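Below: one structure, written as structure tokens.
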Amino acid sequence: MELVISGPEGSSTKVQLQKPVLSLGRSADNDLAYPDDPWLSRSHLTFEQRDEGWFVKDCASRNGTVLNAATLKEPRRINPGDRIYAGHLTIEVRDPNVETNRPVISFVPQEEERITREATIVTSLDKLLGKSPGAVHGREVSLNTTRVVGALVRAGQELAGHRPLDELFDVILKLSLSAVEAKRGVIMTLEDGELVVRASEGDGFSISTSVRDRILRERCSLIVGDAQQDDALRQQRSIVMHRVRSMMGAPLQTGERVIGLIYVDNAALLRPFSQEDLDLLTVMANVAAIRIEHARLIEVEQSEKLMELELAQASEIQATLLPKEAPPCPGYEIAGHHLPCRTVGGDYYDFVPYNDGRLALVVGDVSGKGLPAALLMSSLQARVQMVRETSPDPAAAVTLLNRNFSERCPAGKFVTFFYALLDPQTGSLTYSNAGHNYPLLLRANGQVQKLSGGGMVLGLFPMARYELRETSLEPGDTLALYSDGVTEALSPLGEEFGEDGLARFLQANKSESCADLVTHLIDHLRAWHRNVAFNDDFTIVLVRRQA
């Protein structure tokens, strides 16, 4: 990165950010010394390189440092396009490989008392709307003139259409300049607490920090009557070059909320701004702010509708990845079901037939919810199909899945996973567990056995290995595989359904078929936490060996 430093004399200097610490100030001891700038402190600020990038730090300077539109109170990271204002200097942060073409706006430090004195006219939207008792000071506010009415009519016509938000700013600025007969102006909006230029006519604007702060914080409009009489503003190159004498600013205000500001100025050869101009700009700024917010809401609504459509399509695609029904398995009942807590989910289950007649039973749970989890789930599903033939041993299959998945798994994401292989002829069940909930094996004699044991979740450690365990399904036994959305369901009193609750429910309803049990369990849990929707993805797989 590089710095482009512009001073009031009009020249600019490019400085490469290479040293770990680069100091700037009035003293000759600084790397960047500006002894002729009285608004700088001896040691004003430093640029410091850290692991996260370059930071700018104010060194307790007398007049402060401004980064974009915010006063620098602690070190802040800088990025290409940022602007720093210190003394009479404007410092632009650039990427030397990228061309920039933004209008320079200098925020000039001034004392609040001075700007209050020199703001010859102050008003606010509340005054114009009569919401501020006594604020008019006996003056009858009247906007009923040919010029004013014509400007508002044109504004209504231009802003009544369905222009995209980006086009609105240029239209609003042109309307405002025309209405108050100004030659230069800029519109800025607050984005994440910082002012961003949205439209401009002209460049090299020098705006008082006090003017800016009063407009944004006090929601007032004001005129600086004579910039040529102000010491700080008079020294700004742009003020001299453009012969700026009269300045005016108004907040983009909707109700009590300010979303930005409009600033305009005029040269000495043109007429000074009047009370009527300020009133008109204030009203137009309010009309513009309402239209901007309306356009933003339309864009948000359209974006949300598009997202809903995409999620609906994603849900349809995800449904095709999960089994529509269990494969036929003579001597066994098998049923499974998945309910995402959002439109799409990160739970996964599958039935994978082997050529030798064995059947793989798979359940997984991707960390997180929604679309990111669903994308990882689809990636996992594809890998499960891949390892079916190459790794018939469940432990070897899970080890291979983990190695492949870890190579592409985003940081902070992981999957709990259970992989079992059932031999229908003998009832033998071999399995391997990667951090998933322990399945429940309900014996025909009423005993409940947890298939404990396992290893690390998938996606964190590519070299992890997993153990193989074995049990068997006897006639009348029921195996329940599930995700934590089942056992962690909460009642209104905060009671967790739990593994014991699941075991009791399955035992109490063991006469029902597996398919009916799944439906009954869903209804039971909805009644349990008194909500149709689940707080987490819900997945259940039941396998019963017929007696």
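Letters for chains follow the order of the structure tokens (A, B, ...), residue numbers begin at 1 for each chain, and ligand numbers begin at 1 in the order shown.
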
9 Å contact set for A:Glu191, only C-alpha atoms, chain neighbours under 5 positions out, as number ranges by chain
A: 196, 259-260

Output for the residues just chosen: C-alpha atoms as a PDB file, in the first residue's frame:
```pdb
ATOM      1  CA  VAL A 196     -19.432   7.212   2.012  1.00  0.00           C
ATOM      2  CA  ILE A 259     -28.710   8.382   7.151  1.00  0.00           C
ATOM      3  CA  GLY A 260     -26.270  10.912   5.672  1.00  0.00           C
TER       4      GLY A 260
END
```

Residue neighbourhood A:Val98, 12 Å, only C-alpha atoms, exclusion window fewer than 3 positions, as a PDB file with N, CA and C atoms, in the first residue's frame:
```
ATOM      1  N   MET A   1       0.841  -1.191   0.000  1.00  0.00           N
ATOM      2  CA  MET A   1       0.000   0.000   0.000  1.00  0.00           C
ATOM      3  C   MET A   1       0.881   1.248   0.000  1.00  0.00           C
ATOM      4  N   GLU A   2       0.274   2.359  -0.438  1.00  0.00           N
ATOM      5  CA  GLU A   2       0.977   3.623  -0.423  1.00  0.00           C
ATOM      6  C   GLU A   2       0.060   4.722   0.084  1.00  0.00           C
ATOM      7  N   PRO A  80      -7.122   0.268   1.273  1.00  0.00           N
ATOM      8  CA  PRO A  80      -7.143   1.148   0.099  1.00  0.00           C
ATOM      9  C   PRO A  80      -8.496   1.829  -0.046  1.00  0.00           C
ATOM     10  N   GLY A  81      -8.460   3.137  -0.314  1.00  0.00           N
ATOM     11  CA  GLY A  81      -9.687   3.912  -0.422  1.00  0.00           C
ATOM     12  C   GLY A  81      -9.991   4.727   0.817  1.00  0.00           C
ATOM     13  N   VAL A  93      -5.209   6.462   1.328  1.00  0.00           N
ATOM     14  CA  VAL A  93      -4.578   5.139   1.290  1.00  0.00           C
ATOM     15  C   VAL A  93      -4.907   4.494  -0.047  1.00  0.00           C
ATOM     16  N   ARG A  94      -3.886   4.082  -0.757  1.00  0.00           N
ATOM     17  CA  ARG A  94      -4.101   3.523  -2.094  1.00  0.00           C
ATOM     18  C   ARG A  94      -3.392   2.190  -2.258  1.00  0.00           C
ATOM     19  N   ASP A  95      -3.936   1.386  -3.149  1.00  0.00           N
ATOM     20  CA  ASP A  95      -3.232   0.218  -3.685  1.00  0.00           C
ATOM     21  C   ASP A  95      -2.573   0.699  -4.965  1.00  0.00           C
ATOM     22  N   ASN A 101     -10.624   6.853  -8.319  1.00  0.00           N
ATOM     23  CA  ASN A 101     -11.196   8.087  -8.854  1.00  0.00           C
ATOM     24  C   ASN A 101     -12.330   8.550  -7.961  1.00  0.00           C
TER      25      ASN A 101
END
```

Please identify the helix (DSSP H, G or I) residues within stretch 162-200 of chain A (assignment by DSSP from backbone atoms) and present them as an mmCIF file with N, CA and C atoms, in the first residue's frame.
```cif
data_model
loop_
_atom_site.group_PDB
_atom_site.id
_atom_site.type_symbol
_atom_site.label_atom_id
_atom_site.label_comp_id
_atom_site.auth_asym_id
_atom_site.auth_seq_id
_atom_site.Cartn_x
_atom_site.Cartn_y
_atom_site.Cartn_z
ATOM 1 N N LEU A 165 -31.367 2.227 -6.685
ATOM 2 C CA LEU A 165 -30.825 3.053 -5.608
ATOM 3 C C LEU A 165 -29.600 3.832 -6.069
ATOM 4 N N ASP A 166 -28.699 3.209 -6.832
ATOM 5 C CA ASP A 166 -27.472 3.888 -7.249
ATOM 6 C C ASP A 166 -27.766 5.100 -8.129
ATOM 7 N N GLU A 167 -28.842 5.038 -8.933
ATOM 8 C CA GLU A 167 -29.181 6.161 -9.799
ATOM 9 C C GLU A 167 -29.826 7.301 -9.025
ATOM 10 N N LEU A 168 -30.449 6.978 -7.901
ATOM 11 C CA LEU A 168 -31.178 7.989 -7.139
ATOM 12 C C LEU A 168 -30.269 9.109 -6.642
ATOM 13 N N PHE A 169 -29.060 8.776 -6.239
ATOM 14 C CA PHE A 169 -28.192 9.772 -5.617
ATOM 15 C C PHE A 169 -27.832 10.886 -6.598
ATOM 16 N N ASP A 170 -27.501 10.518 -7.850
ATOM 17 C CA ASP A 170 -27.193 11.547 -8.843
ATOM 18 C C ASP A 170 -28.407 12.433 -9.102
ATOM 19 N N VAL A 171 -29.587 11.833 -9.182
ATOM 20 C CA VAL A 171 -30.807 12.599 -9.418
ATOM 21 C C VAL A 171 -31.063 13.565 -8.261
ATOM 22 N N ILE A 172 -30.937 13.074 -7.043
ATOM 23 C CA ILE A 172 -31.171 13.906 -5.860
ATOM 24 C C ILE A 172 -30.194 15.073 -5.821
ATOM 25 N N LEU A 173 -28.920 14.808 -6.123
ATOM 26 C CA LEU A 173 -27.929 15.879 -6.082
ATOM 27 C C LEU A 173 -28.232 16.947 -7.121
ATOM 28 N N LYS A 174 -28.552 16.525 -8.351
ATOM 29 C CA LYS A 174 -28.866 17.501 -9.401
ATOM 30 C C LYS A 174 -30.099 18.323 -9.034
ATOM 31 N N LEU A 175 -31.110 17.692 -8.460
ATOM 32 C CA LEU A 175 -32.298 18.422 -8.033
ATOM 33 C C LEU A 175 -31.960 19.440 -6.953
ATOM 34 N N SER A 176 -31.120 19.052 -6.008
ATOM 35 C CA SER A 176 -30.759 19.949 -4.910
ATOM 36 C C SER A 176 -29.949 21.130 -5.403
ATOM 37 N N LEU A 177 -28.971 20.872 -6.285
ATOM 38 C CA LEU A 177 -28.164 21.966 -6.820
ATOM 39 C C LEU A 177 -29.016 22.947 -7.599
ATOM 40 N N SER A 178 -29.930 22.419 -8.379
ATOM 41 C CA SER A 178 -30.821 23.277 -9.165
ATOM 42 C C SER A 178 -31.738 24.091 -8.262
ATOM 43 N N ALA A 179 -32.251 23.458 -7.212
ATOM 44 C CA ALA A 179 -33.225 24.125 -6.343
ATOM 45 C C ALA A 179 -32.624 25.317 -5.620
ATOM 46 N N VAL A 180 -31.379 25.175 -5.138
ATOM 47 C CA VAL A 180 -30.774 26.265 -4.359
ATOM 48 C C VAL A 180 -29.766 27.061 -5.168
#
```

Taking a cut-off of 9 Å and counting only C-alpha atoms, can you build a table that, for each residue of stretch 484-527 of chain A near stretch 442-451 of chain A, reports the nearest atom pair and how far apart they are in Å (one decimal), sorted by chain then residue number, as CSV?
```
residue,atom,partner,partner_atom,distance
A:Ala503,CA,A:Val448,CA,7.3
A:Leu506,CA,A:Leu442,CA,8.2
A:Gln507,CA,A:Gly446,CA,7.3
```

Could the residues in this selection be written to a file with N, CA, C and O atoms, as an mmCIF file, in the first residue's frame?
```
data_model
loop_
_atom_site.group_PDB
_atom_site.id
_atom_site.type_symbol
_atom_site.label_atom_id
_atom_site.label_comp_id
_atom_site.auth_asym_id
_atom_site.auth_seq_id
_atom_site.Cartn_x
_atom_site.Cartn_y
_atom_site.Cartn_z
ATOM 1 N N ALA A 503 -35.574 -43.235 24.497
ATOM 2 C CA ALA A 503 -35.671 -44.670 24.774
ATOM 3 C C ALA A 503 -37.043 -45.029 25.352
ATOM 4 O O ALA A 503 -37.662 -46.029 24.947
ATOM 5 N N LEU A 506 -39.699 -44.935 22.559
ATOM 6 C CA LEU A 506 -39.632 -46.078 21.642
ATOM 7 C C LEU A 506 -40.117 -47.358 22.324
ATOM 8 O O LEU A 506 -40.792 -48.188 21.696
ATOM 9 N N GLN A 507 -39.800 -47.523 23.578
ATOM 10 C CA GLN A 507 -40.256 -48.702 24.310
ATOM 11 C C GLN A 507 -41.771 -48.694 24.476
ATOM 12 O O GLN A 507 -42.441 -49.715 24.321
#
```

According to DSSP computed on the backbone, where in stretch 309-525 of chain A is there strand (DSSP E)? Give the residues as a PyMOL selection string.
chain A and resi 332-339+347-353+359-366+415-423+428-434+440-442+448-450+469-472+478-482
